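Data file: start05.cif. Format and content: mmCIF, C-alpha atoms.
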```
data_final
#
loop_
_atom_site.label_atom_id
_atom_site.label_comp_id
_atom_site.auth_asym_id
_atom_site.auth_seq_id
_atom_site.Cartn_x
_atom_site.Cartn_y
_atom_site.Cartn_z
CA MET J 602 13.79 25.77 -2.38
CA ARG J 603 16.75 24.12 -4.03
CA LYS J 604 15.47 20.67 -3.03
CA LEU J 605 12.10 21.42 -4.47
CA THR J 606 13.77 22.47 -7.72
CA ARG J 607 15.56 19.14 -7.92
CA GLY J 608 12.26 17.43 -7.14
CA ALA J 609 10.40 18.99 -10.06
CA VAL J 610 9.13 16.41 -12.55
CA SER J 611 11.13 16.39 -15.77
CA ALA J 612 9.60 15.91 -19.21
CA ALA J 613 7.87 12.55 -19.68
CA LEU J 614 10.07 9.92 -21.25
CA THR J 615 9.00 8.39 -24.55
CA VAL J 616 10.67 5.37 -26.11
CA GLY J 617 10.09 4.55 -29.79
CA VAL J 618 11.48 1.65 -31.79
CA LEU J 619 11.61 1.72 -35.58
CA SER J 620 12.84 -1.44 -37.27
CA GLY J 621 12.99 -1.02 -41.05
CA CYS J 622 9.34 -1.85 -41.63
CA SER J 623 9.25 -1.79 -45.41
CA SER J 624 12.32 -3.95 -46.01
CA THR J 625 11.38 -6.60 -43.45
CA ALA J 626 7.81 -6.79 -44.75
CA GLU J 627 9.14 -7.66 -48.21
CA LYS J 628 11.25 -10.48 -46.74
CA GLY J 629 8.32 -12.18 -45.02
CA GLY J 630 6.77 -12.61 -41.59
CA ASP J 631 9.63 -14.60 -40.03
CA THR J 632 12.14 -11.86 -40.75
CA ALA J 633 9.75 -9.24 -39.36
CA ARG J 634 9.43 -11.19 -36.12
CA GLU J 635 13.22 -11.52 -35.86
CA SER J 636 13.63 -7.75 -36.34
CA THR J 637 11.41 -7.00 -33.32
CA ALA J 638 13.06 -9.59 -31.06
CA PRO J 639 15.96 -7.34 -29.90
CA ALA J 640 13.54 -4.54 -29.00
CA GLU J 641 11.30 -6.94 -27.07
CA THR J 642 14.31 -8.40 -25.25
CA ALA J 643 15.59 -4.94 -24.35
CA ALA J 644 12.16 -3.92 -23.03
CA LYS J 645 11.93 -7.04 -20.87
CA ALA J 646 15.44 -6.47 -19.53
CA GLU J 647 14.63 -2.85 -18.67
CA LYS J 648 11.43 -3.89 -16.87
CA ALA J 649 13.32 -6.57 -14.89
CA GLU J 650 16.00 -4.04 -13.92
CA LYS J 651 13.36 -1.59 -12.66
CA ALA J 652 11.68 -4.35 -10.66
CA GLU J 653 14.99 -5.32 -9.02
CA LYS J 654 15.77 -1.72 -8.09
CA ASN J 655 12.28 -1.12 -6.71
CA THR J 656 12.23 -4.23 -4.53
CA GLY J 657 15.81 -4.09 -3.31
CA LYS J 658 16.25 -7.76 -4.28
CA PRO J 659 18.10 -10.02 -4.72
CA ASP J 660 21.10 -8.17 -3.27
CA ALA J 661 20.10 -7.27 0.30
CA LYS J 662 23.18 -5.10 0.81
CA ASN J 663 21.70 -2.60 -1.64
CA VAL J 664 18.76 -1.90 0.67
CA THR J 665 19.16 1.29 2.70
CA ARG J 666 17.59 1.79 6.13
CA ILE J 667 15.86 5.16 6.42
CA GLY J 668 14.80 6.81 9.68
CA PRO J 669 17.39 6.01 12.38
CA ALA J 670 19.75 8.65 13.73
CA GLY J 671 22.58 9.23 11.29
CA SER J 672 20.58 8.11 8.23
CA ALA J 673 19.71 10.40 5.32
CA CYS J 674 16.30 11.12 6.91
CA GLU J 675 15.86 10.94 10.68
CA LEU J 676 12.22 10.01 11.34
CA PRO J 677 9.90 8.63 14.04
CA VAL J 678 9.84 5.39 12.01
CA SER J 679 12.50 3.44 10.14
CA PHE J 680 12.07 1.33 7.00
CA ASP J 681 13.97 -0.24 4.13
CA LEU J 682 14.47 1.79 0.97
CA ALA J 683 14.77 -0.10 -2.31
CA LYS J 684 17.92 -0.23 -4.42
CA ALA J 685 18.96 2.96 -6.28
CA TRP J 686 16.27 5.19 -4.74
CA LYS J 687 17.82 8.44 -3.51
CA PRO J 688 16.79 9.75 -0.06
CA SER J 689 17.01 13.44 0.82
CA GLY J 690 16.19 14.83 4.23
CA LEU J 691 14.37 18.17 4.35
CA SER J 692 15.29 21.00 6.68
CA VAL J 693 12.55 22.45 8.89
CA GLU J 694 12.26 25.43 6.54
CA ASP J 695 12.09 23.29 3.37
CA GLY J 696 9.63 20.95 5.05
CA LYS J 697 7.29 23.82 5.89
CA LEU J 698 7.64 25.22 2.38
CA LEU J 699 6.79 21.84 0.82
CA ALA J 700 3.75 21.61 3.11
CA LYS J 701 2.60 25.06 2.02
CA ILE J 702 3.05 24.32 -1.69
CA SER J 703 1.37 20.92 -1.39
CA GLY J 704 -1.51 22.23 0.70
CA HIS J 705 -0.73 20.08 3.75
CA ALA J 706 -0.62 22.74 6.43
CA ALA J 707 -1.19 20.22 9.25
CA PHE J 708 1.99 18.28 8.39
CA ARG J 709 5.69 18.85 7.85
CA GLY J 710 7.62 17.46 4.89
CA ALA J 711 10.46 15.43 6.36
CA CYS J 712 11.97 13.34 3.57
CA GLU J 713 11.91 12.88 -0.21
CA LEU J 714 12.73 9.48 -1.73
CA ASP J 715 13.53 10.00 -5.42
CA ALA J 716 12.76 7.13 -7.83
CA LYS J 717 14.53 8.62 -10.87
CA PRO J 718 17.84 6.79 -10.21
CA ALA J 719 15.78 3.56 -10.17
CA GLY J 720 14.29 4.37 -13.58
CA ASN J 721 10.93 5.92 -12.66
CA ILE J 722 9.57 9.46 -12.47
CA GLY J 723 8.18 10.10 -9.03
CA PHE J 724 8.75 10.15 -5.30
CA MET J 725 7.77 8.71 -2.02
CA ARG J 726 7.40 11.63 0.37
CA VAL J 727 7.38 11.34 4.14
CA TRP J 728 5.29 13.68 6.27
CA THR J 729 5.34 13.95 10.06
CA THR J 730 3.17 15.38 12.81
CA ASP J 731 4.01 15.56 16.52
CA ARG J 732 0.42 14.92 17.61
CA THR J 733 0.15 11.74 19.69
CA ASP J 734 -3.58 12.07 20.49
CA SER J 735 -4.80 10.96 17.05
CA SER J 736 -5.09 7.50 15.53
CA ALA J 737 -3.44 6.56 12.25
CA ARG J 738 -6.84 6.55 10.51
CA ARG J 739 -7.95 9.96 11.79
CA THR J 740 -4.61 11.47 10.84
CA LEU J 741 -4.83 9.95 7.37
CA GLU J 742 -8.37 11.32 6.98
CA ALA J 743 -7.03 14.78 7.89
CA TYR J 744 -4.29 14.37 5.28
CA MET J 745 -6.81 13.36 2.62
CA ALA J 746 -9.06 16.31 3.48
CA GLU J 747 -6.22 18.54 2.24
CA GLU J 748 -5.74 16.66 -1.05
CA LYS J 749 -7.29 18.23 -4.15
CA ASN J 750 -9.12 16.75 -7.16
CA VAL J 751 -9.72 13.34 -5.54
CA SER J 752 -12.46 11.39 -7.29
CA GLU J 753 -12.49 8.22 -5.20
CA GLN J 754 -10.70 6.81 -2.17
CA LYS J 755 -10.67 3.71 -0.01
CA ILE J 756 -9.17 3.66 3.49
CA SER J 757 -8.28 0.44 5.32
CA GLU J 758 -6.71 -0.24 8.72
CA LEU J 759 -3.75 -2.61 8.91
CA LYS J 760 -0.28 -3.16 10.37
CA ALA J 761 2.91 -1.70 8.91
CA GLY J 762 5.54 -3.99 10.34
CA ASP J 763 4.22 -4.31 13.90
CA LEU J 764 2.86 -0.76 14.03
CA PRO J 765 -0.82 0.24 13.84
CA ALA J 766 -1.46 1.89 10.49
CA ALA J 767 -4.05 3.00 7.98
CA GLU J 768 -3.72 3.11 4.21
CA VAL J 769 -5.62 4.95 1.50
CA VAL J 770 -5.68 4.15 -2.22
CA TYR J 771 -7.20 6.93 -4.27
CA THR J 772 -7.61 8.43 -7.71
CA GLN J 773 -6.56 12.02 -8.33
CA LYS J 774 -6.53 14.18 -11.45
CA SER J 775 -2.97 15.08 -12.39
CA ALA J 776 -2.16 18.78 -12.47
CA LEU J 777 0.37 18.08 -15.25
CA THR J 778 -1.60 15.83 -17.61
CA ASP J 779 -5.19 16.50 -16.46
CA GLU J 780 -5.67 12.71 -16.45
CA PRO J 781 -6.72 10.52 -13.50
CA ARG J 782 -3.86 8.71 -11.78
CA GLN J 783 -3.62 6.33 -8.85
CA GLN J 784 -2.02 7.47 -5.59
CA ARG J 785 -1.70 5.99 -2.12
CA ALA J 786 -0.59 6.96 1.35
CA LEU J 787 0.23 5.10 4.56
CA ALA J 788 -0.20 6.58 8.05
CA VAL J 789 1.81 4.89 10.82
CA LYS J 790 1.20 5.52 14.52
CA THR J 791 4.24 5.80 16.83
CA PRO J 792 4.81 7.14 20.36
CA LYS J 793 6.30 10.24 18.69
CA GLY J 794 3.26 10.96 16.52
CA VAL J 795 1.91 9.78 13.17
CA THR J 796 4.14 9.50 10.10
CA ILE J 797 2.64 9.47 6.59
CA VAL J 798 4.37 7.93 3.58
CA HIS J 799 2.88 9.01 0.25
CA LEU J 800 3.57 7.34 -3.09
CA GLY J 801 2.90 9.43 -6.19
CA GLY J 802 3.95 8.99 -9.80
CA LEU J 803 3.64 10.82 -13.11
CA ASP J 804 0.75 8.52 -14.05
CA THR J 805 -0.82 5.24 -12.92
CA GLU J 806 1.70 3.13 -14.85
CA GLU J 807 4.63 4.83 -13.11
CA HIS J 808 2.81 4.49 -9.80
CA LYS J 809 2.43 0.72 -10.26
CA GLU J 810 6.08 0.32 -11.24
CA MET J 811 7.13 2.03 -8.00
CA LEU J 812 4.68 0.10 -5.86
CA PRO J 813 7.14 -2.70 -4.87
CA ALA J 814 9.39 -0.10 -3.22
CA TYR J 815 6.42 1.25 -1.27
CA GLU J 816 5.42 -2.26 -0.17
CA LEU J 817 9.01 -2.93 0.94
CA ALA J 818 8.92 0.21 3.08
CA LYS J 819 5.51 -0.72 4.52
CA LYS J 820 6.39 -4.26 5.59
CA SER J 821 9.73 -3.21 7.14
CA MET J 822 8.34 -0.37 9.33
CA ALA J 823 9.61 -0.10 12.90
CA PRO J 824 9.69 2.72 15.47
CA THR J 825 12.96 4.58 15.99
CA THR J 826 14.27 5.18 19.48
#
```
Target encoding structure tokens, full file:
Amino acid sequence: MRKLTRGAVSAALTVGVLSGCSSTAEKGGDTARESTAPAETAAKAEKAEKAEKNTGKPDAKNVTRIGPAGSACELPVSFDLAKAWKPSGLSVEDGKLLAKISGHAAFRGACELDAKPAGNIGFMRVWTTDRTDSSARRTLEAYMAEEKNVSEQKISELKAGDLPAAEVVYTQKSALTDEPRQQRALAVKTPKGVTIVHLGGLDTEEHKEMLPAYELAKKSMAPTT
């Protein structure tokens, strides 16, 4: 339960910038533009830093490989985890508890990849099933049948690395904000069963900011031995 406590979403972050509006207005438009320049520069720098952490570029040594024996999460698949994201493996008991709380009784929570150190609120979560008699698409459809408050979804079949996979992009009403938000999940077929990687986010904006890390994981998928 302690991992789930750490995984709880903290209060939403709000950034406000106040720049002496009345005094700069009296001095004219040029001065007003100059007063906002530092804030705009800081915002651009913060966005660039998030993008670097989420893609794991340009410094390849900052990319962590998740999945192989001895890594933070031992899984049927391995993939690259973007810079600053924090992986945490789940015990069998915690994995079953997460499945119960999340309503995914047919799966086991295996790994949580925390985006907060990279500057975003949200996780990628990895789910596993030992069943080898189901395709990636059918397994993903079973996963989606357990999701709640889904208003629309689109499933496509593709390759994740060289592995057969299926991906769903869907809209779900947030239990925290009661607003629609984008979500997605990837099901990857391996000889050891199907693994599902789910990307969430506090809202759609957070989801999109974390998307490069998800795409990095997807394109670098490989089976573990």
Shell of 12 Å around segment 735-744 of chain J, only C-alpha atoms, local chain residues under 6 positions omitted, as an MDAnalysis selection string: chainID J and resid 700 703:709 728:729 754:761 764:770 785:799
Can you measure atom CA of Arg726 of chain J to atom CA of Thr772 of chain J for me? One decimal in Å is fine.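 It comes out at 17.3 Å.
Interatomic distance, atom CA of Leu800 of chain J to atom CA of Ala670 of chain J: 23.4 Å.
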One number please: atom CA of Leu676 of chain J to atom CA of Met745 of chain J, in Å, one decimal.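 According to the coordinates, atom CA of Leu676 of chain J and atom CA of Met745 of chain J are separated by 21.2 Å.
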Need the shell around Ala716 of chain J: protein/DNA/RNA residues with any atom at most 9 Å away, counting all atoms listed in the file. Skip same-chain ones fewer than 5 positions apart. Format as a ChimeraX atom specification? /J:655,685-687,721-725,811
Listed atoms of segment 672-681 of chain J boxed axis-aligned with 8 Å per side, centre + edges as lines of an AutoDock Vina configuration file:
```
center_x = 15.2
center_y = 5.4
center_z = 9.1
size_x = 26.7
size_y = 27.4
size_z = 25.9
```
Hits from the PyMOL selection byres ((chain J and resi 678-680) around 6), listed as a PyMOL selection string: chain J and resi 666-669+676-677+681+818+821-825
Evaluating the PyMOL selection byres ((chain J and resi 780) around 12) on the displayed file yields which residues, as an MDAnalysis selection string? chainID J and resid 750:752 772:779 781:783 803:805
